[in-house]
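A.B. asks: I am sharing query-v5.pdb, which consists of PDB, C-alpha atoms and all ligand atoms:
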ATOM      1  CA  MET A   1      42.281-111.208 -10.595
ATOM      2  CA  MET A   2      40.021-114.174 -11.415
ATOM      3  CA  ASN A   3      39.343-116.349  -8.389
ATOM      4  CA  ASN A   4      39.414-120.062  -9.216
ATOM      5  CA  LEU A   5      38.031-121.102  -5.831
ATOM      6  CA  PHE A   6      34.786-120.891  -3.918
ATOM      7  CA  LEU A   7      34.113-121.457  -0.221
ATOM      8  CA  ILE A   8      31.807-124.084   1.158
ATOM      9  CA  ARG A   9      30.901-125.089   4.710
ATOM     10  CA  PRO A  10      31.770-128.650   5.766
ATOM     11  CA  SER A  11      29.006-131.204   5.336
ATOM     12  CA  LYS A  12      28.445-134.944   5.331
ATOM     13  CA  VAL A  13      28.448-135.145   1.533
ATOM     14  CA  LEU A  14      32.086-134.001   1.540
ATOM     15  CA  GLU A  15      33.186-136.701   3.992
ATOM     16  CA  ARG A  16      35.354-138.710   1.579
ATOM     17  CA  GLU A  17      37.034-135.641   0.094
ATOM     18  CA  ILE A  18      37.625-134.056   3.504
ATOM     19  CA  TRP A  19      39.189-137.275   4.762
ATOM     20  CA  GLU A  20      41.496-137.444   1.722
ATOM     21  CA  TYR A  21      42.412-133.803   2.279
ATOM     22  CA  ARG A  22      43.284-134.550   5.924
ATOM     23  CA  GLN A  23      45.321-137.623   4.944
ATOM     24  CA  GLU A  24      47.412-135.587   2.495
ATOM     25  CA  TYR A  25      48.652-133.386   5.366
ATOM     26  CA  PHE A  26      49.630-136.501   7.355
ATOM     27  CA  ASP A  27      51.338-138.081   4.349
ATOM     28  CA  PHE A  28      53.293-134.865   3.997
ATOM     29  CA  GLY A  29      54.431-135.158   7.625
ATOM     30  CA  GLU A  30      52.235-132.404   9.028
ATOM     31  CA  THR A  31      50.429-132.920  12.314
ATOM     32  CA  GLN A  32      47.712-130.321  11.959
ATOM     33  CA  VAL A  33      45.351-129.237   9.239
ATOM     34  CA  ASN A  34      45.427-125.449   9.476
ATOM     35  CA  GLY A  35      42.126-123.620   9.239
ATOM     36  CA  SER A  36      40.035-126.772   9.640
ATOM     37  CA  CYS A  37      38.879-126.381  13.250
ATOM     38  CA  GLY A  38      40.894-129.331  14.484
ATOM     39  CA  LEU A  39      40.317-131.912  11.759
ATOM     40  CA  ALA A  40      43.650-133.595  12.559
ATOM     41  CA  TYR A  41      42.617-134.249  16.142
ATOM     42  CA  HIS A  42      39.414-136.130  15.369
ATOM     43  CA  ASP A  43      39.339-139.676  14.075
ATOM     44  CA  ASN A  44      35.573-139.652  13.810
ATOM     45  CA  PHE A  45      34.206-137.517  10.985
ATOM     46  CA  ASP A  46      30.701-137.020  12.407
ATOM     47  CA  GLU A  47      32.093-135.960  15.760
ATOM     48  CA  TRP A  48      34.298-133.321  14.102
ATOM     49  CA  LEU A  49      31.468-132.154  11.814
ATOM     50  CA  ASN A  50      29.042-131.735  14.715
ATOM     51  CA  LEU A  51      31.649-129.799  16.628
ATOM     52  CA  VAL A  52      32.414-127.469  13.713
ATOM     53  CA  LEU A  53      28.759-126.769  13.044
ATOM     54  CA  SER A  54      27.923-126.162  16.689
ATOM     55  CA  ILE A  55      30.923-123.887  17.212
ATOM     56  CA  GLU A  56      29.570-121.688  14.453
ATOM     57  CA  LYS A  57      26.019-121.711  15.768
ATOM     58  CA  ASP A  58      26.388-121.791  19.557
ATOM     59  CA  LYS A  59      29.796-120.242  20.277
ATOM     60  CA  LEU A  60      30.987-123.370  22.061
ATOM     61  CA  ARG A  61      34.645-122.491  22.071
ATOM     62  CA  ASN A  62      36.020-119.246  23.549
ATOM     63  CA  ASN A  63      32.478-117.868  23.543
ATOM     64  CA  VAL A  64      32.923-116.763  19.950
ATOM     65  CA  HIS A  65      31.184-117.806  16.754
ATOM     66  CA  THR A  66      33.661-119.449  14.419
ATOM     67  CA  SER A  67      33.007-120.288  10.774
ATOM     68  CA  THR A  68      35.005-122.953   8.979
ATOM     69  CA  PHE A  69      35.142-123.308   5.211
ATOM     70  CA  PHE A  70      36.823-125.431   2.614
ATOM     71  CA  SER A  71      37.859-123.829  -0.618
ATOM     72  CA  ILE A  72      36.960-125.802  -3.688
ATOM     73  CA  ARG A  73      38.523-125.403  -7.127
ATOM     74  CA  LYS A  74      35.759-124.511  -9.590
ATOM     75  CA  GLU A  75      37.287-126.453 -12.456
ATOM     76  CA  ASP A  76      37.252-129.915 -10.827
ATOM     77  CA  ASN A  77      35.552-129.494  -7.429
ATOM     78  CA  LYS A  78      38.712-130.548  -5.615
ATOM     79  CA  ILE A  79      39.224-129.352  -2.038
ATOM     80  CA  ILE A  80      42.224-127.032  -2.149
ATOM     81  CA  GLY A  81      42.306-125.489   1.298
ATOM     82  CA  SER A  82      40.644-124.834   4.630
ATOM     83  CA  VAL A  83      40.072-121.559   6.408
ATOM     84  CA  LYS A  84      38.619-120.614   9.760
ATOM     85  CA  LEU A  85      37.163-117.260  10.772
ATOM     86  CA  HIS A  86      36.521-116.181  14.365
ATOM     87  CA  HIS A  87      33.840-113.510  14.249
ATOM     88  CA  LEU A  88      35.387-111.670  17.186
ATOM     89  CA  LEU A  89      38.722-111.537  19.012
ATOM     90  CA  THR A  90      38.297-111.950  22.766
ATOM     91  CA  PRO A  91      41.111-111.812  25.367
ATOM     92  CA  ASP A  92      41.091-115.631  25.315
ATOM     93  CA  LEU A  93      41.955-115.476  21.659
ATOM     94  CA  GLU A  94      44.693-112.871  22.093
ATOM     95  CA  ASN A  95      47.339-115.277  20.948
ATOM     96  CA  GLY A  96      45.094-116.639  18.268
ATOM     97  CA  ALA A  97      43.763-114.597  15.397
ATOM     98  CA  HIS A  98      40.574-113.973  13.459
ATOM     99  CA  ILE A  99      41.703-116.110  10.553
ATOM    100  CA  ALA A 100      43.752-119.288  10.156
ATOM    101  CA  TYR A 101      44.368-121.035   6.849
ATOM    102  CA  GLY A 102      45.946-123.989   5.127
ATOM    103  CA  ILE A 103      46.398-125.133   1.540
ATOM    104  CA  ARG A 104      46.841-128.861   0.832
ATOM    105  CA  PRO A 105      50.550-129.611   0.367
ATOM    106  CA  SER A 106      50.296-130.618  -3.304
ATOM    107  CA  GLU A 107      48.578-127.337  -4.247
ATOM    108  CA  ARG A 108      50.818-124.829  -2.477
ATOM    109  CA  LYS A 109      52.694-121.999  -4.179
ATOM    110  CA  LYS A 110      50.135-121.689  -6.971
ATOM    111  CA  GLY A 111      48.382-118.584  -5.674
ATOM    112  CA  TYR A 112      45.549-120.430  -3.896
ATOM    113  CA  GLY A 113      46.523-119.252  -0.412
ATOM    114  CA  LYS A 114      45.962-115.678  -1.514
ATOM    115  CA  GLN A 115      42.730-116.522  -3.373
ATOM    116  CA  GLN A 116      41.321-118.356  -0.347
ATOM    117  CA  LEU A 117      42.203-115.494   1.980
ATOM    118  CA  LEU A 118      40.525-112.975  -0.354
ATOM    119  CA  LEU A 119      37.340-115.060  -0.258
ATOM    120  CA  VAL A 120      37.208-115.254   3.524
ATOM    121  CA  LEU A 121      37.902-111.525   3.753
ATOM    122  CA  ASP A 122      34.733-111.041   1.676
ATOM    123  CA  VAL A 123      32.837-113.191   4.183
ATOM    124  CA  ALA A 124      34.223-111.135   7.079
ATOM    125  CA  ARG A 125      33.298-107.902   5.278
ATOM    126  CA  ASP A 126      29.746-109.206   4.777
ATOM    127  CA  MET A 127      29.618-109.902   8.522
ATOM    128  CA  LYS A 128      30.599-106.252   9.107
ATOM    129  CA  ILE A 129      33.811-107.191  10.890
ATOM    130  CA  PRO A 130      35.829-103.956  10.572
ATOM    131  CA  LYS A 131      39.330-105.414  10.635
ATOM    132  CA  VAL A 132      40.857-108.812  11.046
ATOM    133  CA  MET A 133      44.059-110.144  12.527
ATOM    134  CA  ILE A 134      46.186-112.956  11.203
ATOM    135  CA  ALA A 135      48.992-114.411  13.321
ATOM    136  CA  CYS A 136      51.899-116.515  12.213
ATOM    137  CA  GLY A 137      55.242-117.723  13.407
ATOM    138  CA  LYS A 138      58.003-115.364  12.295
ATOM    139  CA  ASP A 139      59.691-118.191  10.399
ATOM    140  CA  ASN A 140      56.499-119.002   8.472
ATOM    141  CA  ILE A 141      57.384-116.949   5.400
ATOM    142  CA  ALA A 142      54.590-118.484   3.291
ATOM    143  CA  SER A 143      51.918-117.475   5.781
ATOM    144  CA  ALA A 144      53.338-113.971   6.282
ATOM    145  CA  LYS A 145      53.532-113.404   2.534
ATOM    146  CA  THR A 146      49.961-114.621   2.125
ATOM    147  CA  ALA A 147      48.785-112.039   4.699
ATOM    148  CA  LEU A 148      50.918-109.349   3.035
ATOM    149  CA  SER A 149      49.508-110.229  -0.395
ATOM    150  CA  CYS A 150      46.033-109.268   0.907
ATOM    151  CA  SER A 151      47.115-105.892   2.332
ATOM    152  CA  GLY A 152      48.069-107.226   5.759
ATOM    153  CA  ILE A 153      50.061-104.804   7.877
ATOM    154  CA  LEU A 154      52.580-106.111  10.387
ATOM    155  CA  THR A 155      51.666-104.450  13.676
ATOM    156  CA  SER A 156      53.477-106.460  16.340
ATOM    157  CA  GLU A 157      55.774-109.320  17.151
ATOM    158  CA  LYS A 158      55.222-111.217  20.366
ATOM    159  CA  ILE A 159      56.916-114.142  22.029
ATOM    160  CA  TYR A 160      54.383-116.884  22.612
ATOM    161  CA  GLU A 161      55.297-120.350  23.842
ATOM    162  CA  GLY A 162      58.956-119.619  23.115
ATOM    163  CA  ALA A 163      58.516-118.575  19.489
ATOM    164  CA  VAL A 164      58.185-115.161  17.865
ATOM    165  CA  HIS A 165      54.710-114.573  16.449
ATOM    166  CA  GLN A 166      53.806-111.818  14.062
ATOM    167  CA  HIS A 167      50.426-110.133  13.972
ATOM    168  CA  TYR A 168      49.117-108.826  10.674
ATOM    169  CA  TRP A 169      45.982-106.674  10.529
ATOM    170  CA  ILE A 170      43.807-106.144   7.496
ATOM    171  CA  ASP A 171      41.426-103.184   7.508
ATOM    172  CA  LEU A 172      38.220-104.240   5.744
ATOM    173  CA  ARG A 173      36.698-100.753   5.638
ATOM    174  CA  LYS A 174      39.174 -99.612   3.001
TER     175      LYS A 174
HETATM  176  C1  LIG B   1      50.556-120.481   4.171
HETATM  177  C2  LIG B   1      49.901-121.196   2.988
HETATM  178  C3  LIG B   1      48.408-121.280   3.245
HETATM  179  C4  LIG B   1      50.161-120.376   1.719
HETATM  180  O1  LIG B   1      49.432-120.964   0.662
HETATM  181  P1  LIG B   1      49.936-120.945  -0.864
HETATM  182  O2  LIG B   1      48.824-121.396  -1.720
HETATM  183  O3  LIG B   1      51.210-121.690  -0.955
HETATM  184  O4  LIG B   1      50.208-119.374  -1.051
HETATM  185  P2  LIG B   1      50.218-118.565  -2.430
HETATM  186  O5  LIG B   1      50.695-119.442  -3.541
HETATM  187  O6  LIG B   1      48.926-117.860  -2.600
HETATM  188  O7  LIG B   1      51.360-117.506  -2.119
HETATM  189  C5  LIG B   1      51.120-116.334  -1.362
HETATM  190  C6  LIG B   1      52.447-115.597  -1.224
HETATM  191  O8  LIG B   1      53.358-116.376  -0.405
HETATM  192  C7  LIG B   1      54.549-116.695  -1.120
HETATM  193  N1  LIG B   1      54.938-118.038  -0.732
HETATM  194  C8  LIG B   1      54.149-119.147  -0.712
HETATM  195  N2  LIG B   1      54.845-120.195  -0.246
HETATM  196  C9  LIG B   1      56.091-119.738   0.037
HETATM  197  C10 LIG B   1      57.261-120.347   0.566
HETATM  198  N3  LIG B   1      57.272-121.644   0.910
HETATM  199  N4  LIG B   1      58.369-119.581   0.739
HETATM  200  C11 LIG B   1      58.350-118.264   0.422
HETATM  201  N5  LIG B   1      57.251-117.615  -0.080
HETATM  202  C12 LIG B   1      56.151-118.355  -0.264
HETATM  203  C13 LIG B   1      54.161-116.584  -2.576
HETATM  204  O9  LIG B   1      55.274-116.344  -3.373
HETATM  205  C14 LIG B   1      53.191-115.424  -2.550
HETATM  206  O10 LIG B   1      53.925-114.239  -2.434
HETATM  207  P3  LIG B   1      53.650-112.972  -3.395
HETATM  208  O11 LIG B   1      52.255-112.479  -3.038
HETATM  209  O12 LIG B   1      54.726-112.039  -3.002
HETATM  210  O13 LIG B   1      53.736-113.510  -4.781
HETATM  211  C15 LIG B   1      50.498-122.615   2.777
HETATM  212  O14 LIG B   1      51.893-122.520   2.645
HETATM  213  C16 LIG B   1      50.184-123.583   3.901
HETATM  214  O15 LIG B   1      49.134-124.215   3.918
HETATM  215  N6  LIG B   1      51.123-123.736   4.870
HETATM  216  C17 LIG B   1      50.933-124.657   5.993
HETATM  217  C18 LIG B   1      49.901-124.163   6.940
HETATM  218  C19 LIG B   1      50.245-122.832   7.558
HETATM  219  O16 LIG B   1      51.387-122.553   7.847
HETATM  220  N7  LIG B   1      49.201-122.008   7.747
HETATM  221  C20 LIG B   1      49.326-120.715   8.350
HETATM  222  C21 LIG B   1      49.446-120.842   9.825
HETATM  223  S1  LIG B   1      49.840-119.266  10.578
END
Hey, can you dump this file as structure tokens for me?

C.D. replies:
Amino acid sequence: MMNNLFLIRPSKVLEREIWEYRQEYFDFGETQVNGSCGLAYHDNFDEWLNLVLSIEKDKLRNNVHTSTFFSIRKEDNKIIGSVKLHHLLTPDLENGAHIAYGIRPSERKKGYGKQQLLLVLDVARDMKIPKVMIACGKDNIASAKTALSCSGILTSEKIYEGAVHQHYWIDLRK
């Protein structure tokens, strides 16, 4: 399948576009921007950017390197989604996952969630991560189907903070 997206790390030149992307989630009534390393919780762009870049470089959070990317549509350079990759799963991250993702509300259900996940799986493979875990609420059909569409295998369901969470694993050695 042709991939219409490419991944790019956040940077100052993308400030306006990233802010528009964030606003679209709010306008849609969502309170977080999945896969963005906490974009919704920062009102200051530079503060968020510095945090994201240092978390990748210096393992500031959970003692794990975490890479954050935006996926950009090749045809018009529009930001379509955000995706975060923890390079390792530590006990602290047990209820988290290697990968978290979001697609901007106006671009959902067009196949981009799958395309974005395929791209970050390539990044993980290049980093020699053998297998990755994706977690989602059991009622989040869109997220579960996205994991399934990239060969995710449902391995467990756990109750976390009162809700059932599913864990999908993707073996990158295959
Ligand atoms: C999860 C999310 C990233 C999926 O992105 P997307 O671009 O809509 O996904 P795609 O179009 O690539 O679809 C992937 C699969 O999910 C299915 N799907 C997507 N949205 C769906 C929905 N609302 N209901 C049922 N199935 C859905 C598609 O049909 C497709 O299934 P297929 O492979 O069997 O054809 C997007 O819905 C999103 O950003 N949700 C909010 C954030 C979120 O929940 N992130 C995950 C946190 S665990």

A.B. asks: Which residues sit within 7 Å of ligand LIG 1 (chain B), counting all atoms listed in the file, listed as a PDB file with C-alpha atoms, in the frame of the given file?

C.D. replies:
ATOM      1  CA  ASN A  34      45.427-125.449   9.476  1.00  0.00           C
ATOM      2  CA  ALA A 100      43.752-119.288  10.156  1.00  0.00           C
ATOM      3  CA  TYR A 101      44.368-121.035   6.849  1.00  0.00           C
ATOM      4  CA  GLY A 102      45.946-123.989   5.127  1.00  0.00           C
ATOM      5  CA  ILE A 103      46.398-125.133   1.540  1.00  0.00           C
ATOM      6  CA  ARG A 104      46.841-128.861   0.832  1.00  0.00           C
ATOM      7  CA  PRO A 105      50.550-129.611   0.367  1.00  0.00           C
ATOM      8  CA  GLU A 107      48.578-127.337  -4.247  1.00  0.00           C
ATOM      9  CA  ARG A 108      50.818-124.829  -2.477  1.00  0.00           C
ATOM     10  CA  LYS A 109      52.694-121.999  -4.179  1.00  0.00           C
ATOM     11  CA  LYS A 110      50.135-121.689  -6.971  1.00  0.00           C
ATOM     12  CA  GLY A 111      48.382-118.584  -5.674  1.00  0.00           C
ATOM     13  CA  TYR A 112      45.549-120.430  -3.896  1.00  0.00           C
ATOM     14  CA  GLY A 113      46.523-119.252  -0.412  1.00  0.00           C
ATOM     15  CA  LYS A 114      45.962-115.678  -1.514  1.00  0.00           C
ATOM     16  CA  GLN A 115      42.730-116.522  -3.373  1.00  0.00           C
ATOM     17  CA  ALA A 135      48.992-114.411  13.321  1.00  0.00           C
ATOM     18  CA  CYS A 136      51.899-116.515  12.213  1.00  0.00           C
ATOM     19  CA  GLY A 137      55.242-117.723  13.407  1.00  0.00           C
ATOM     20  CA  ASN A 140      56.499-119.002   8.472  1.00  0.00           C
ATOM     21  CA  ILE A 141      57.384-116.949   5.400  1.00  0.00           C
ATOM     22  CA  ALA A 142      54.590-118.484   3.291  1.00  0.00           C
ATOM     23  CA  SER A 143      51.918-117.475   5.781  1.00  0.00           C
ATOM     24  CA  LYS A 145      53.532-113.404   2.534  1.00  0.00           C
ATOM     25  CA  THR A 146      49.961-114.621   2.125  1.00  0.00           C
ATOM     26  CA  LEU A 148      50.918-109.349   3.035  1.00  0.00           C
ATOM     27  CA  SER A 149      49.508-110.229  -0.395  1.00  0.00           C
TER      28      SER A 149
END

A.B. asks: Do a neighbour search on Gln116 of chain A at 12 Å with only C-alpha atoms, toss out local chain neighbours closer than 4 positions, and write the hits as a PDB file with C-alpha atoms, keeping the file's coordinate frame.

C.D. replies:
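Output contents, as saved in out02.pdb:
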ATOM      1  CA  MET A   2      40.021-114.174 -11.415  1.00  0.00           C
ATOM      2  CA  ASN A   3      39.343-116.349  -8.389  1.00  0.00           C
ATOM      3  CA  ASN A   4      39.414-120.062  -9.216  1.00  0.00           C
ATOM      4  CA  LEU A   5      38.031-121.102  -5.831  1.00  0.00           C
ATOM      5  CA  PHE A   6      34.786-120.891  -3.918  1.00  0.00           C
ATOM      6  CA  LEU A   7      34.113-121.457  -0.221  1.00  0.00           C
ATOM      7  CA  ILE A   8      31.807-124.084   1.158  1.00  0.00           C
ATOM      8  CA  GLY A  35      42.126-123.620   9.239  1.00  0.00           C
ATOM      9  CA  PHE A  69      35.142-123.308   5.211  1.00  0.00           C
ATOM     10  CA  PHE A  70      36.823-125.431   2.614  1.00  0.00           C
ATOM     11  CA  SER A  71      37.859-123.829  -0.618  1.00  0.00           C
ATOM     12  CA  ILE A  72      36.960-125.802  -3.688  1.00  0.00           C
ATOM     13  CA  ARG A  73      38.523-125.403  -7.127  1.00  0.00           C
ATOM     14  CA  ILE A  79      39.224-129.352  -2.038  1.00  0.00           C
ATOM     15  CA  ILE A  80      42.224-127.032  -2.149  1.00  0.00           C
ATOM     16  CA  GLY A  81      42.306-125.489   1.298  1.00  0.00           C
ATOM     17  CA  SER A  82      40.644-124.834   4.630  1.00  0.00           C
ATOM     18  CA  VAL A  83      40.072-121.559   6.408  1.00  0.00           C
ATOM     19  CA  LYS A  84      38.619-120.614   9.760  1.00  0.00           C
ATOM     20  CA  LEU A  85      37.163-117.260  10.772  1.00  0.00           C
ATOM     21  CA  ILE A  99      41.703-116.110  10.553  1.00  0.00           C
ATOM     22  CA  ALA A 100      43.752-119.288  10.156  1.00  0.00           C
ATOM     23  CA  TYR A 101      44.368-121.035   6.849  1.00  0.00           C
ATOM     24  CA  GLY A 102      45.946-123.989   5.127  1.00  0.00           C
ATOM     25  CA  ILE A 103      46.398-125.133   1.540  1.00  0.00           C
ATOM     26  CA  ARG A 104      46.841-128.861   0.832  1.00  0.00           C
ATOM     27  CA  ARG A 108      50.818-124.829  -2.477  1.00  0.00           C
ATOM     28  CA  LYS A 110      50.135-121.689  -6.971  1.00  0.00           C
ATOM     29  CA  GLY A 111      48.382-118.584  -5.674  1.00  0.00           C
ATOM     30  CA  TYR A 112      45.549-120.430  -3.896  1.00  0.00           C
ATOM     31  CA  VAL A 120      37.208-115.254   3.524  1.00  0.00           C
ATOM     32  CA  LEU A 121      37.902-111.525   3.753  1.00  0.00           C
ATOM     33  CA  ASP A 122      34.733-111.041   1.676  1.00  0.00           C
ATOM     34  CA  VAL A 123      32.837-113.191   4.183  1.00  0.00           C
ATOM     35  CA  THR A 146      49.961-114.621   2.125  1.00  0.00           C
ATOM     36  CA  ALA A 147      48.785-112.039   4.699  1.00  0.00           C
ATOM     37  CA  SER A 149      49.508-110.229  -0.395  1.00  0.00           C
ATOM     38  CA  CYS A 150      46.033-109.268   0.907  1.00  0.00           C
TER      39      CYS A 150
END

A.B. asks: Determine the nearest neighbour of Leu39 of chain A from the options A:Asp27, A:Glu161, A:Asp92, A:Glu15, counting all atoms listed in the file.

C.D. replies: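 Nearest to Leu39 of chain A: A:Glu15.
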
A.B. asks: To one decimal place in Å, what is the distance between atom CA of Pro10 of chain A and atom CA of Val52 of chain A?

C.D. replies: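 Between atom CA of Pro10 of chain A and atom CA of Val52 of chain A the gap is 8.1 Å.
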
A.B. asks: Determine, counting all atoms listed in the file, which protein, DNA and RNA residues have an atom within 12 Å of an atom of Asp139 of chain A; residues of the same chain fewer than 6 positions away are not included. Present the result as a list of chain:residue names.

C.D. replies: A:Lys145, A:Glu157, A:Ala163, A:Val164, A:His165, A:Gln166

A.B. asks: Taking all atoms listed in the file into account, which of A:His167, A:Leu49, A:Gly29, A:Leu118 comes nearest Ala97 of chain A?

C.D. replies: A:His167

A.B. asks: Nearest to Arg9 of chain A among A:Asn44, A:Thr66, A:Thr155, A:Gln32, with distances taken over all atoms listed in the file: which residue is it?

C.D. replies: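 Answer, going by the shortest atom-to-atom distance: A:Thr66.
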
A.B. asks: Can you turn the PyMOL selection byres (((chain A and resi 170) around 6) and not hetatm) into a concrete residue list for this file, as a list in words?

C.D. replies: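 Taken over the shown coordinates, the PyMOL selection byres (((chain A and resi 170) around 6) and not hetatm) returns Lys131, Val132, Gly152, Trp169 and Asp171 of chain A.
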
A.B. asks: Interatomic distance between atom CA of Arg125 of chain A and atom CA of Leu89 of chain A?

C.D. replies: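 Here the two named atoms are 15.2 Å from each other.
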
A.B. asks: I'd like the interatomic distance between atom CA of Trp48 of chain A and atom CA of Thr68 of chain A, to a tenth of an Å.

C.D. replies: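 Between atom CA of Trp48 of chain A and atom CA of Thr68 of chain A the gap works out to 11.6 Å.
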
A.B. asks: Using all atoms listed in the file, can you tell me which of A:Ile129, A:Lys174, A:Tyr41, A:Ile18 comes closest to His87 of chain A?

C.D. replies: A:Ile129

A.B. asks: Skipping near chain neighbours, those fewer than 5 positions away, what residues fall within 12 Å of Phe45 of chain A using all atoms listed in the file, listed as a PDB file with C-alpha atoms, keeping the file's coordinate frame?

C.D. replies:
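The resulting file, selection-v7.pdb, is shown below:
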ATOM      1  CA  PRO A  10      31.770-128.650   5.766  1.00  0.00           C
ATOM      2  CA  SER A  11      29.006-131.204   5.336  1.00  0.00           C
ATOM      3  CA  LYS A  12      28.445-134.944   5.331  1.00  0.00           C
ATOM      4  CA  VAL A  13      28.448-135.145   1.533  1.00  0.00           C
ATOM      5  CA  LEU A  14      32.086-134.001   1.540  1.00  0.00           C
ATOM      6  CA  GLU A  15      33.186-136.701   3.992  1.00  0.00           C
ATOM      7  CA  ARG A  16      35.354-138.710   1.579  1.00  0.00           C
ATOM      8  CA  GLU A  17      37.034-135.641   0.094  1.00  0.00           C
ATOM      9  CA  ILE A  18      37.625-134.056   3.504  1.00  0.00           C
ATOM     10  CA  TRP A  19      39.189-137.275   4.762  1.00  0.00           C
ATOM     11  CA  GLU A  20      41.496-137.444   1.722  1.00  0.00           C
ATOM     12  CA  ARG A  22      43.284-134.550   5.924  1.00  0.00           C
ATOM     13  CA  GLY A  38      40.894-129.331  14.484  1.00  0.00           C
ATOM     14  CA  LEU A  39      40.317-131.912  11.759  1.00  0.00           C
ATOM     15  CA  ALA A  40      43.650-133.595  12.559  1.00  0.00           C
ATOM     16  CA  ASN A  50      29.042-131.735  14.715  1.00  0.00           C
ATOM     17  CA  LEU A  51      31.649-129.799  16.628  1.00  0.00           C
ATOM     18  CA  VAL A  52      32.414-127.469  13.713  1.00  0.00           C
TER      19      VAL A  52
END
